[in-house]
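A.B. asks: Coordinates in structure.txt, compact mmCIF, C-alpha atoms and all ligand atoms, are listed below.
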```
# COMPACT_ATOMS: atom_id res chain seq x y z
CA MET K 1 -12.40 26.64 -2.55
CA ASP K 2 -10.23 25.90 0.50
CA VAL K 3 -8.74 22.48 1.18
CA ILE K 4 -11.44 21.45 3.69
CA THR K 5 -14.31 22.35 1.34
CA LEU K 6 -12.51 20.46 -1.41
CA PHE K 7 -11.99 17.46 0.90
CA LYS K 8 -15.71 17.32 1.72
CA LYS K 9 -16.59 17.51 -1.95
CA LEU K 10 -14.36 14.48 -2.63
CA LEU K 11 -15.96 12.56 0.28
CA GLN K 12 -19.44 13.16 -1.13
CA ALA K 13 -18.60 11.29 -4.35
CA LYS K 14 -19.49 7.61 -4.03
CA SER K 15 -16.37 6.32 -5.77
CA GLU K 16 -16.38 2.66 -4.82
CA THR K 17 -13.82 0.71 -6.88
CA PRO K 18 -13.66 0.82 -9.87
CA SER K 19 -15.97 3.86 -10.03
CA ASP K 20 -14.37 7.28 -9.80
CA GLY K 21 -17.70 8.88 -8.81
CA GLY K 22 -17.07 11.55 -11.48
CA LEU K 23 -14.03 12.78 -9.56
CA LEU K 24 -11.45 12.52 -12.34
CA ASP K 25 -13.46 14.89 -14.57
CA PHE K 26 -13.95 17.21 -11.63
CA ILE K 27 -10.19 17.19 -10.90
CA SER K 28 -9.28 17.91 -14.55
CA GLU K 29 -11.54 20.97 -14.38
CA TYR K 30 -10.30 22.02 -10.96
CA LEU K 31 -6.70 22.05 -12.25
CA GLU K 32 -7.58 23.63 -15.59
CA GLU K 33 -4.20 25.40 -15.80
CA TYR K 34 -2.59 21.96 -16.00
CA THR K 35 -2.56 19.52 -18.92
CA SER K 36 -4.82 16.51 -18.35
CA VAL K 37 -4.32 13.12 -20.01
CA ARG K 38 -6.80 10.31 -19.49
CA CYS K 39 -5.15 6.87 -19.40
CA ASP K 40 -8.28 4.69 -19.05
CA ARG K 41 -7.74 0.96 -19.59
CA ASN K 42 -10.23 -1.94 -19.54
CA GLY K 43 -12.91 0.24 -17.97
CA VAL K 44 -10.65 1.64 -15.24
CA LYS K 45 -10.45 5.44 -15.16
CA ASN K 46 -7.00 6.99 -14.74
CA LEU K 47 -5.71 10.53 -14.96
CA PHE K 48 -2.26 12.07 -15.44
CA ILE K 49 -2.03 15.82 -14.92
CA TYR K 50 1.11 17.90 -15.34
CA LYS K 51 2.55 21.35 -15.75
CA ARG K 52 6.08 22.28 -16.69
CA PHE K 53 7.04 25.35 -14.65
CA GLY K 54 10.80 25.17 -15.31
CA GLU K 55 13.78 23.11 -16.37
CA GLY K 56 14.35 21.26 -13.08
CA GLU K 57 13.25 17.87 -11.77
CA HIS K 58 9.85 16.26 -12.12
CA LEU K 59 7.99 15.80 -8.81
CA SER K 60 4.77 13.85 -8.83
CA PHE K 61 2.01 13.22 -6.30
CA ALA K 62 0.18 9.92 -6.61
CA GLY K 63 -2.94 8.35 -5.25
CA HIS K 64 -6.36 6.85 -5.77
CA VAL K 65 -9.86 8.34 -5.71
CA ASP K 66 -11.58 4.97 -5.28
CA VAL K 67 -12.66 3.64 -1.90
CA VAL K 68 -13.66 0.28 -0.47
CA PRO K 69 -17.43 -0.26 0.01
CA ALA K 70 -18.84 1.52 3.07
CA GLY K 71 -20.46 -1.57 4.60
CA GLU K 72 -23.13 -1.65 7.29
CA GLY K 73 -23.27 -0.07 10.71
CA TRP K 74 -22.18 3.54 10.16
CA SER K 75 -23.38 6.14 12.67
CA VAL K 76 -23.59 8.73 9.85
CA ASP K 77 -24.06 8.72 6.07
CA PRO K 78 -20.69 7.41 4.74
CA TYR K 79 -21.01 9.76 1.75
CA GLY K 80 -22.37 12.75 3.64
CA ALA K 81 -19.02 14.32 4.72
CA ILE K 82 -20.64 14.84 8.13
CA GLU K 83 -18.79 16.75 10.86
CA LYS K 84 -19.33 15.31 14.33
CA ASP K 85 -17.37 15.39 17.62
CA GLY K 86 -14.44 17.17 15.98
CA PHE K 87 -14.10 14.66 13.13
CA ILE K 88 -15.07 14.62 9.47
CA TYR K 89 -16.65 11.25 8.66
CA GLY K 90 -16.69 9.48 5.32
CA ARG K 91 -15.56 6.39 3.47
CA GLY K 92 -12.13 7.34 2.15
CA ALA K 93 -11.58 10.10 4.73
CA GLN K 94 -8.18 8.61 5.62
CA ASP K 95 -7.69 6.24 2.67
CA MET K 96 -7.11 8.47 0.83
CA LYS K 97 -9.24 11.47 0.00
CA ALA K 98 -7.47 13.56 2.67
CA GLY K 99 -4.25 13.03 0.70
CA VAL K 100 -5.91 13.73 -2.65
CA ALA K 101 -7.48 16.97 -1.34
CA ALA K 102 -4.13 18.08 0.12
CA PHE K 103 -2.12 17.60 -3.07
CA LEU K 104 -4.86 18.94 -5.37
CA GLN K 105 -5.05 22.16 -3.40
CA THR K 106 -1.24 22.39 -3.32
CA LEU K 107 -1.03 22.16 -7.11
CA LYS K 108 -3.96 24.53 -7.55
CA GLU K 109 -2.15 27.25 -5.60
CA THR K 110 1.41 26.68 -6.83
CA LYS K 111 2.64 29.64 -8.86
CA ASN K 112 6.36 28.85 -9.06
CA PHE K 113 8.31 25.62 -9.23
CA ASN K 114 11.69 24.88 -10.72
CA GLY K 115 10.63 21.85 -12.74
CA THR K 116 7.56 19.80 -13.56
CA LEU K 117 4.72 19.06 -11.13
CA SER K 118 2.29 16.26 -11.81
CA LEU K 119 -0.46 14.01 -10.45
CA ILE K 120 -0.87 10.28 -10.99
CA LEU K 121 -4.45 9.31 -10.11
CA THR K 122 -6.31 6.05 -10.46
CA SER K 123 -9.76 4.70 -9.56
CA ASP K 124 -8.54 1.14 -9.12
CA GLU K 125 -6.18 0.84 -6.19
CA GLU K 126 -8.53 -0.98 -3.83
CA GLY K 127 -9.48 -3.49 -6.54
CA PRO K 128 -7.35 -5.75 -8.76
CA ALA K 129 -5.04 -2.76 -9.47
CA LYS K 130 -3.99 -4.20 -12.84
CA ASP K 131 -5.25 -1.36 -15.05
CA GLY K 132 -4.80 1.55 -12.67
CA THR K 133 -1.40 2.93 -11.69
CA LEU K 134 0.24 0.33 -13.97
CA ALA K 135 -1.60 1.80 -16.99
CA LEU K 136 -0.47 5.30 -16.00
CA LEU K 137 3.14 4.15 -15.65
CA ASP K 138 2.98 2.47 -19.08
CA TYR K 139 1.87 5.82 -20.51
CA LEU K 140 4.64 7.74 -18.72
CA LYS K 141 7.24 5.31 -20.10
CA GLU K 142 5.82 5.71 -23.59
CA VAL K 143 5.99 9.52 -23.54
CA ASP K 144 9.24 9.58 -21.56
CA MET K 145 7.77 11.53 -18.64
CA MET K 146 8.64 9.28 -15.70
CA PRO K 147 8.99 11.50 -12.59
CA ASP K 148 12.25 11.77 -10.65
CA SER K 149 10.43 11.61 -7.33
CA CYS K 150 6.93 10.70 -6.21
CA ILE K 151 4.94 11.23 -3.03
CA VAL K 152 2.06 8.80 -2.56
CA ALA K 153 -0.37 10.41 -0.12
CA GLU K 154 -1.58 7.19 1.52
CA PRO K 155 -2.27 7.53 5.26
CA THR K 156 0.99 6.70 7.07
CA CYS K 157 0.80 8.31 10.53
CA GLU K 158 0.37 6.02 13.52
CA HIS K 159 -0.33 7.95 16.75
CA GLU K 160 -0.13 11.60 15.81
CA PHE K 161 0.02 13.53 12.57
CA GLY K 162 3.61 13.75 11.31
CA ASP K 163 5.03 10.76 13.19
CA ALA K 164 5.77 8.45 10.22
CA ILE K 165 6.55 8.39 6.52
CA LYS K 166 7.03 5.23 4.52
CA ILE K 167 10.24 4.99 2.53
CA GLY K 168 9.57 1.48 1.32
CA ARG K 169 7.32 -1.47 1.71
CA ARG K 170 7.81 -5.12 2.38
CA GLY K 171 6.86 -7.57 -0.34
CA SER K 172 4.36 -10.37 0.13
CA ILE K 173 4.90 -14.03 -0.76
CA ASN K 174 2.13 -16.59 -0.35
CA GLY K 175 3.04 -20.25 -0.07
CA VAL K 176 1.26 -23.62 -0.08
CA ILE K 177 3.02 -26.80 1.03
CA GLU K 178 1.43 -30.17 0.41
CA LYS K 179 2.92 -33.04 2.32
CA HIS K 180 1.94 -36.47 1.07
CA GLY K 181 1.73 -39.61 3.18
CA LYS K 182 -0.24 -42.83 3.25
CA GLN K 183 -3.75 -43.07 4.69
CA GLY K 184 -4.38 -45.69 7.35
CA HIS K 185 -6.19 -46.88 10.48
CA ALA K 186 -5.37 -45.06 13.69
CA ALA K 187 -4.97 -48.45 15.38
CA TYR K 188 -2.18 -49.49 13.00
CA PRO K 189 0.07 -46.42 12.71
CA GLU K 190 3.01 -48.56 11.55
CA LYS K 191 1.12 -49.37 8.33
CA ALA K 192 0.44 -45.72 7.44
CA THR K 193 2.58 -42.64 6.85
CA ASN K 194 0.92 -39.91 8.88
CA PRO K 195 1.76 -36.47 7.40
CA ILE K 196 0.52 -34.73 10.57
CA HIS K 197 3.12 -36.47 12.71
CA LYS K 198 5.85 -35.74 10.15
CA VAL K 199 5.03 -32.03 9.92
CA ALA K 200 4.55 -31.71 13.70
CA GLN K 201 8.21 -32.66 14.13
CA VAL K 202 9.47 -29.70 12.09
CA LEU K 203 6.72 -27.12 12.67
CA HIS K 204 8.39 -25.48 15.65
CA HIS K 205 11.43 -24.74 13.45
CA MET K 206 9.22 -22.88 10.98
CA ALA K 207 6.10 -21.26 12.47
CA GLY K 208 6.79 -17.65 13.41
CA ILE K 209 10.52 -17.99 12.66
CA ASN K 210 12.45 -15.03 11.23
CA LEU K 211 13.94 -15.75 7.81
CA ASP K 212 16.43 -12.90 8.04
CA GLU K 213 17.59 -10.53 10.74
CA GLY K 214 16.15 -7.36 9.24
CA ASP K 215 18.24 -4.23 8.74
CA ASP K 216 18.04 -0.46 9.17
CA ASN K 217 15.02 -0.28 6.87
CA PHE K 218 13.15 -3.51 7.44
CA ALA K 219 11.95 -5.65 10.32
CA PRO K 220 12.86 -9.34 9.95
CA SER K 221 10.84 -11.33 7.38
CA GLN K 222 8.74 -13.82 9.30
CA PHE K 223 7.35 -17.20 8.24
CA VAL K 224 3.67 -16.84 9.23
CA VAL K 225 1.57 -19.99 9.04
CA THR K 226 -2.01 -19.13 8.07
CA ASP K 227 -3.66 -22.53 7.81
CA ILE K 228 -2.93 -26.22 8.34
CA ARG K 229 -5.48 -28.77 7.28
CA ALA K 230 -5.55 -32.56 6.96
CA GLY K 231 -7.84 -35.42 7.73
CA MET K 232 -11.57 -35.98 7.67
CA GLU K 233 -12.56 -34.75 11.13
CA VAL K 234 -12.62 -38.28 12.47
CA THR K 235 -10.53 -40.03 15.12
CA ASN K 236 -9.91 -43.41 13.50
CA VAL K 237 -8.31 -42.54 10.14
CA THR K 238 -4.90 -40.92 9.62
CA PRO K 239 -4.83 -38.77 6.46
CA ALA K 240 -2.94 -39.17 3.19
CA LYS K 241 -2.20 -35.48 2.79
CA LEU K 242 -1.56 -32.33 4.78
CA LYS K 243 -1.82 -28.83 3.39
CA MET K 244 -0.09 -25.90 5.05
CA MET K 245 -0.48 -22.32 3.92
CA PHE K 246 1.76 -19.44 4.89
CA ASN K 247 2.63 -15.86 4.11
CA VAL K 248 5.93 -14.02 4.32
CA ARG K 249 6.02 -10.21 4.29
CA ASN K 250 9.51 -10.14 2.90
CA SER K 251 12.24 -7.54 3.09
CA THR K 252 14.90 -7.16 0.41
CA ASN K 253 16.91 -9.76 2.38
CA THR K 254 14.51 -12.64 1.68
CA ASP K 255 13.23 -13.82 -1.70
CA GLN K 256 11.45 -16.83 -3.17
CA LYS K 257 14.71 -18.78 -3.50
CA SER K 258 15.57 -18.38 0.17
CA ILE K 259 12.05 -19.45 1.16
CA GLU K 260 12.37 -22.55 -1.04
CA ALA K 261 15.67 -23.37 0.66
CA PHE K 262 14.17 -22.79 4.11
CA VAL K 263 11.24 -25.13 3.47
CA HIS K 264 13.48 -27.73 1.87
CA LYS K 265 15.76 -27.77 4.90
CA TYR K 266 12.92 -29.19 7.00
CA PHE K 267 11.00 -31.11 4.36
CA SER K 268 13.93 -32.62 2.46
CA ASP K 269 13.22 -36.18 3.61
CA MET K 270 9.47 -35.85 3.00
CA ASN K 271 7.42 -36.25 -0.12
CA TYR K 272 6.15 -32.69 -0.61
CA THR K 273 5.28 -29.99 -3.11
CA LEU K 274 5.71 -26.24 -2.62
CA GLU K 275 3.97 -23.45 -4.52
CA LEU K 276 5.01 -19.82 -4.08
CA ASP K 277 3.30 -16.74 -5.40
CA GLN K 278 4.80 -13.30 -4.97
CA SER K 279 2.02 -10.69 -5.02
CA ALA K 280 4.31 -7.76 -4.23
CA TYR K 281 8.06 -7.14 -4.32
CA PRO K 282 9.82 -5.24 -1.55
CA PHE K 283 11.44 -1.88 -2.21
CA VAL K 284 13.19 0.82 -0.25
CA THR K 285 14.10 4.40 -1.17
CA ASN K 286 17.48 5.54 0.10
CA PRO K 287 16.85 7.84 3.11
CA ASN K 288 19.49 10.24 1.75
CA THR K 289 17.57 11.06 -1.42
CA LYS K 290 16.21 14.56 -1.92
CA VAL K 291 12.52 13.68 -1.63
CA VAL K 292 12.97 11.97 1.75
CA LYS K 293 14.97 14.89 3.11
CA VAL K 294 12.57 17.53 1.80
CA VAL K 295 9.49 15.75 3.19
CA ASP K 296 11.23 15.25 6.57
CA GLU K 297 12.06 18.97 6.71
CA ALA K 298 8.56 20.03 5.67
CA ILE K 299 6.93 17.84 8.35
CA GLN K 300 9.36 19.17 10.93
CA LYS K 301 8.52 22.77 9.92
CA VAL K 302 4.73 22.30 10.05
CA THR K 303 4.40 19.96 13.06
CA GLY K 304 7.68 20.18 14.99
CA ILE K 305 7.92 16.39 14.75
CA THR K 306 10.72 14.35 13.16
CA PRO K 307 8.95 11.47 11.39
CA LYS K 308 10.24 7.94 11.64
CA HIS K 309 11.07 6.10 8.42
CA SER K 310 8.86 3.04 8.21
CA THR K 311 8.47 0.13 5.79
CA ALA K 312 5.73 -1.61 7.77
CA GLY K 313 2.15 -2.34 6.80
CA GLY K 314 0.47 -3.72 3.71
CA THR K 315 1.21 -2.92 0.10
CA SER K 316 0.30 0.20 -1.90
CA ASP K 317 0.71 1.33 -5.49
CA ALA K 318 4.16 2.64 -4.52
CA ARG K 319 5.27 -0.97 -5.21
CA TYR K 320 4.62 -0.33 -8.93
CA ILE K 321 6.21 3.13 -9.05
CA ALA K 322 9.52 2.26 -7.33
CA PRO K 323 10.69 -0.30 -9.94
CA CYS K 324 10.39 2.42 -12.64
CA GLY K 325 13.43 4.11 -11.10
CA VAL K 326 11.39 6.73 -9.22
CA ASN K 327 12.35 7.75 -5.68
CA VAL K 328 9.01 7.11 -4.02
CA ILE K 329 7.84 7.76 -0.49
CA GLU K 330 4.45 7.83 1.19
CA PHE K 331 3.04 10.39 3.58
CA GLY K 332 -0.50 11.12 4.68
CA VAL K 333 -2.82 11.45 7.66
CA LYS K 334 -3.30 8.94 10.49
CA ASN K 335 -4.49 5.49 9.44
CA ASP K 336 -6.37 4.21 12.49
CA THR K 337 -9.84 3.93 10.84
CA ILE K 338 -8.98 2.90 7.27
CA HIS K 339 -11.45 0.46 5.72
CA ALA K 340 -13.39 0.51 9.04
CA VAL K 341 -16.95 1.55 9.85
CA ASP K 342 -17.10 5.28 10.68
CA GLU K 343 -13.82 6.07 8.89
CA ARG K 344 -12.89 9.62 9.86
CA THR K 345 -10.14 12.20 10.13
CA THR K 346 -9.93 15.77 11.40
CA ALA K 347 -10.01 19.07 9.52
CA GLN K 348 -6.79 19.92 11.33
CA GLU K 349 -4.96 16.91 9.88
CA VAL K 350 -6.14 17.64 6.34
CA GLN K 351 -5.11 21.29 6.74
CA LYS K 352 -1.66 20.30 8.06
CA LEU K 353 -1.12 17.73 5.31
CA TYR K 354 -1.85 20.45 2.77
CA GLU K 355 0.62 22.77 4.54
CA VAL K 356 3.30 20.05 4.46
CA PHE K 357 2.80 19.53 0.70
CA VAL K 358 2.95 23.30 0.08
CA GLU K 359 6.21 23.36 2.03
CA VAL K 360 7.56 20.36 0.06
CA VAL K 361 6.86 22.10 -3.28
CA LYS K 362 8.53 25.27 -1.98
CA ARG K 363 11.67 23.44 -0.82
CA TYR K 364 12.04 20.79 -3.54
ZN ZN K 401 -5.20 3.65 -0.08
```
Would you mind writing the file's structure down as C-alpha cells?
Ligand SMILES: [Zn+2]
C.D. replies:
Amino acid sequence: MDVITLFKKLLQAKSETPSDGGLLDFISEYLEEYTSVRCDRNGVKNLFIYKRFGEGEHLSFAGHVDVVPAGEGWSVDPYGAIEKDGFIYGRGAQDMKAGVAAFLQTLKETKNFNGTLSLILTSDEEGPAKDGTLALLDYLKEVDMMPDSCIVAEPTCEHEFGDAIKIGRRGSINGVIEKHGKQGHAAYPEKATNPIHKVAQVLHHMAGINLDEGDDNFAPSQFVVTDIRAGMEVTNVTPAKLKMMFNVRNSTNTDQKSIEAFVHKYFSDMNYTLELDQSAYPFVTNPNTKVVKVVDEAIQKVTGITPKHSTAGGTSDARYIAPCGVNVIEFGVKNDTIHAVDERTTAQEVQKLYEVFVEVVKRY
C-alpha cells in the first residue's frame, strides 16, 4: 500500500470520538513487525507501538485516529474519501488522518534507525481527552519507555505546506468574576450600589489588555472578555450582581497568580469573587534541540521552505507529553478546513508530509 491508499483507508473509517472505527486493530496489523501494546482505559482505545532498532535515542510519533462528528451540509460523503477538484475530502483529512497516514507509512518502510521508533495513538483527543494520551503516558512511565523526542502530526501549516511547525503551545485559563452590589431603583441611584457602573470604570484597563509583553516564542497573553451579564433586561432596576467571564491564552510569562493580581489591582475596592480554572498549561521546546533542528532540515529538504516556529492556536495533546520531559513539536498539513464542513487536503500534501517524516527518521 502507498501512503495515499493508506490515507484513504483511514478516512473511510467512521472514527468519531471515542470510537476508533477499528483503526487501532488495523494499525497493529499494518505494523506487524513492531510490538503493539493496547493501553485502553475507561472505554477509550489507545495503542503504543514500538521497535528497538539500535541503542540510540527514542523518537516517537503521536496522534489521534478519532475525528469530530461530520455534521450536516457536506458536498460529498464525509467518510467516502472522495477525490474532487484536486482535493481528497473526508472528516479528519487534515485533523489528523493525513498525519497518521504519513507516520504509519514512514514506520512501515523504515529498515534502519539508530534507536527506538514508536507511535503513541489515541481515539480520544477530540473528546474529554482524560483517558487517551494521558493513559498512554502513564503506561510509558510505568515501563520506563518515555521517548526522548516526539513529533505530533497535528496540522500546523497556515498558507502553504511546510510554512510552520509548532514548538510549543499557549495555555488556557478561564476566569469568572462576580461583582456584588446593592439592587435599587433607577430613579434613586444614590440608594443602590450599581455593579455595572463600578465595573464600567475599570473595564477599559482590562478588556483586550496584554498581561505580558510576549517573548521570542510567545505572543503577549491577552485578557479576553467573553461575556458580561447583569440585570433583568429592564430599565428601572439596577442589579445586585454582575458576572464577567474571560479567557487568557497564557504564555509561560503569565500564570494564575499574575491574573489574580491583575484583577485585584482594579477590583481591590469592590466586593468581588474570582474563580480561575486552568484547562491547559503553556509549554515551549527549546528551538536548539535536536528534534526541532532535524524537522526544520527535513522540511527545507523536501519543500525548500524554512518553517516558522509557532506557539499559536488552540491546545493539543502535546500539552500532556511536554511535562513528561519529552522534547515535543508538532508538524502536519495545512489546517484551513479542520472541523469544518467539506474538510479536505491534497494528495500532494500527504505525500510531502510522508517524505518529510522519512527524511526526519533518516537524519535523526
Ligand atoms: Zn487534532
A.B. asks: Can I get the residues close to ligand ZN 401 (chain K) as a VMD selection string, where close means within 9 Å and we count all atoms listed in the file?
C.D. replies: chain K and resid 63 to 67 92 94 to 97 125 to 126 153 to 155 316 to 317 338
A.B. asks: Within 8 Å of Asn271 of chain K, counting all atoms listed in the file, which residues show up once you throw out same-chain ones fewer than 2 positions away? Write them as a PyMOL selection string, please.
C.D. replies: chain K and resi 179-181+267-269+273
A.B. asks: By how many Å are atom CA of Glu343 of chain K and atom CA of Leu6 of chain K apart?
C.D. replies: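 Here the two named atoms are 17.7 Å from each other.
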A.B. asks: Counting only C-alpha atoms, what are the residues of segment 287-356 of chain K within 10 Å of segment 161-175 of chain K, and for each of them which pair of atoms is the nearest and at what distance in Å, to one decimal? Sort the table by chain and rising number, as a Markdown table.
C.D. replies:
```
| residue | atom | partner | partner_atom | distance |
| --- | --- | --- | --- | --- |
| K:Pro287 | CA | K:Ile167 | CA | 7.2 |
| K:Val291 | CA | K:Ile167 | CA | 9.9 |
| K:Val292 | CA | K:Ile167 | CA | 7.5 |
| K:Val295 | CA | K:Ile165 | CA | 8.6 |
| K:Asp296 | CA | K:Ile165 | CA | 8.3 |
| K:Ala298 | CA | K:Gly162 | CA | 9.8 |
| K:Ile299 | CA | K:Gly162 | CA | 6.0 |
| K:Gln300 | CA | K:Gly162 | CA | 7.9 |
| K:Val302 | CA | K:Gly162 | CA | 8.7 |
| K:Thr303 | CA | K:Gly162 | CA | 6.5 |
| K:Gly304 | CA | K:Gly162 | CA | 8.5 |
| K:Ile305 | CA | K:Gly162 | CA | 6.1 |
| K:Thr306 | CA | K:Asp163 | CA | 6.7 |
| K:Pro307 | CA | K:Asp163 | CA | 4.4 |
| K:Lys308 | CA | K:Ala164 | CA | 4.7 |
| K:His309 | CA | K:Ile165 | CA | 5.4 |
| K:Ser310 | CA | K:Lys166 | CA | 4.7 |
| K:Thr311 | CA | K:Arg169 | CA | 4.5 |
| K:Ala312 | CA | K:Arg169 | CA | 6.3 |
| K:Gly313 | CA | K:Arg169 | CA | 7.3 |
| K:Gly314 | CA | K:Arg169 | CA | 7.5 |
| K:Thr315 | CA | K:Arg169 | CA | 6.5 |
| K:Ser316 | CA | K:Arg169 | CA | 8.1 |
| K:Ala318 | CA | K:Gly168 | CA | 8.0 |
| K:Arg319 | CA | K:Arg169 | CA | 7.2 |
| K:Ala322 | CA | K:Gly168 | CA | 8.7 |
| K:Asn327 | CA | K:Ile167 | CA | 8.9 |
| K:Val328 | CA | K:Ile167 | CA | 7.0 |
| K:Ile329 | CA | K:Ile167 | CA | 4.7 |
| K:Glu330 | CA | K:Lys166 | CA | 5.0 |
| K:Phe331 | CA | K:Ile165 | CA | 5.0 |
| K:Gly332 | CA | K:Ile165 | CA | 7.8 |
| K:Val333 | CA | K:Phe161 | CA | 6.0 |
| K:Lys334 | CA | K:Phe161 | CA | 6.0 |
| K:Asn335 | CA | K:Phe161 | CA | 9.7 |
| K:Gln348 | CA | K:Phe161 | CA | 9.4 |
| K:Glu349 | CA | K:Phe161 | CA | 6.6 |
| K:Val350 | CA | K:Phe161 | CA | 9.7 |
| K:Lys352 | CA | K:Phe161 | CA | 8.3 |
| K:Leu353 | CA | K:Phe161 | CA | 8.5 |
| K:Val356 | CA | K:Gly162 | CA | 9.3 |
```
A.B. asks: Could you check which of K:Thr285, K:Asn217, K:Thr226, K:Asn42 is closest to Pro18 of chain K, using all atoms listed in the file?
C.D. replies: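 Comparing K:Thr285, K:Asn217, K:Thr226, K:Asn42 against Pro18 of chain K, the winner is K:Asn42.
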A.B. asks: Interatomic distance between atom CA of Leu242 of chain K and atom CA of Pro195 of chain K?
C.D. replies: 5.9 Å
A.B. asks: Which residue, K:Ile49, K:Ala98, K:Trp74, K:Arg91, has the smallest gap to Thr5 of chain K when you use all atoms listed in the file?
C.D. replies: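 Selected residue with least distance to Thr5 of chain K: K:Ala98.
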A.B. asks: Which one of K:Val3, K:Val76, K:Val361, K:Leu274 sits closest to Phe113 of chain K if you count all atoms listed in the file?
C.D. replies: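 With all atoms listed in the file as the atom set, the closest residue is K:Val361.
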A.B. asks: If you take every atom of segment 207-218 of chain K that the file lists and fit an axis-aligned box around them with 4 Å extra on each side, what centre and edge lengths come out in Å to one decimal, as JSON?
C.D. replies:
```
{"center_x": 12.2, "center_y": -10.8, "center_z": 10.1, "size_x": 20.1, "size_y": 29.0, "size_z": 14.5}
```
A.B. asks: Neighbours of Gly184 of chain K within 12 Å (only C-alpha atoms; same-chain residues fewer than 2 positions away dropped), as a ChimeraX atom specification?
C.D. replies: /K:181-182,186-195,231,235-241
A.B. asks: Taking C-alpha atoms for each residue, export the selection above as a compact mmCIF listing (two decimals), keeping the file's coordinate frame.
C.D. replies:
```txt
# COMPACT_ATOMS: atom_id res chain seq x y z
CA GLY K 181 1.73 -39.61 3.18
CA LYS K 182 -0.24 -42.83 3.25
CA ALA K 186 -5.37 -45.06 13.69
CA ALA K 187 -4.97 -48.45 15.38
CA TYR K 188 -2.18 -49.49 13.00
CA PRO K 189 0.07 -46.42 12.71
CA GLU K 190 3.01 -48.56 11.55
CA LYS K 191 1.12 -49.37 8.33
CA ALA K 192 0.44 -45.72 7.44
CA THR K 193 2.58 -42.64 6.85
CA ASN K 194 0.92 -39.91 8.88
CA PRO K 195 1.76 -36.47 7.40
CA GLY K 231 -7.84 -35.42 7.73
CA THR K 235 -10.53 -40.03 15.12
CA ASN K 236 -9.91 -43.41 13.50
CA VAL K 237 -8.31 -42.54 10.14
CA THR K 238 -4.90 -40.92 9.62
CA PRO K 239 -4.83 -38.77 6.46
CA ALA K 240 -2.94 -39.17 3.19
CA LYS K 241 -2.20 -35.48 2.79
```
A.B. asks: Quick one: of K:Ser28, K:Pro78, K:Leu11, K:Asp144, who's nearest to Lys108 of chain K, counting only C-alpha atoms?
C.D. replies: K:Ser28
A.B. asks: Could you work out how far atom CA of Leu211 of chain K lies from atom CA of Asn250 of chain K, giving the answer in Å with one decimal?
C.D. replies: 8.7 Å
A.B. asks: Excluding Tyr30 of chain K and residues on its chain fewer than 6 positions from it, collect all residues at most 12 Å away from it, counting all atoms listed in the file, and give them as number ranges by chain.
C.D. replies: K: 1, 6, 9-10, 23-24, 36, 49, 101, 104-109
A.B. asks: Measuring between only C-alpha atoms, which one of K:Ala13, K:Ala135, K:Val326, K:Leu140 shows the shortest distance to Tyr79 of chain K?
C.D. replies: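 Smallest distance to Tyr79 of chain K is found for K:Ala13.
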A.B. asks: Closest to Leu119 of chain K among K:Ala62, K:Leu136, K:Met232, K:Cys150, using all atoms listed in the file?
C.D. replies: K:Ala62
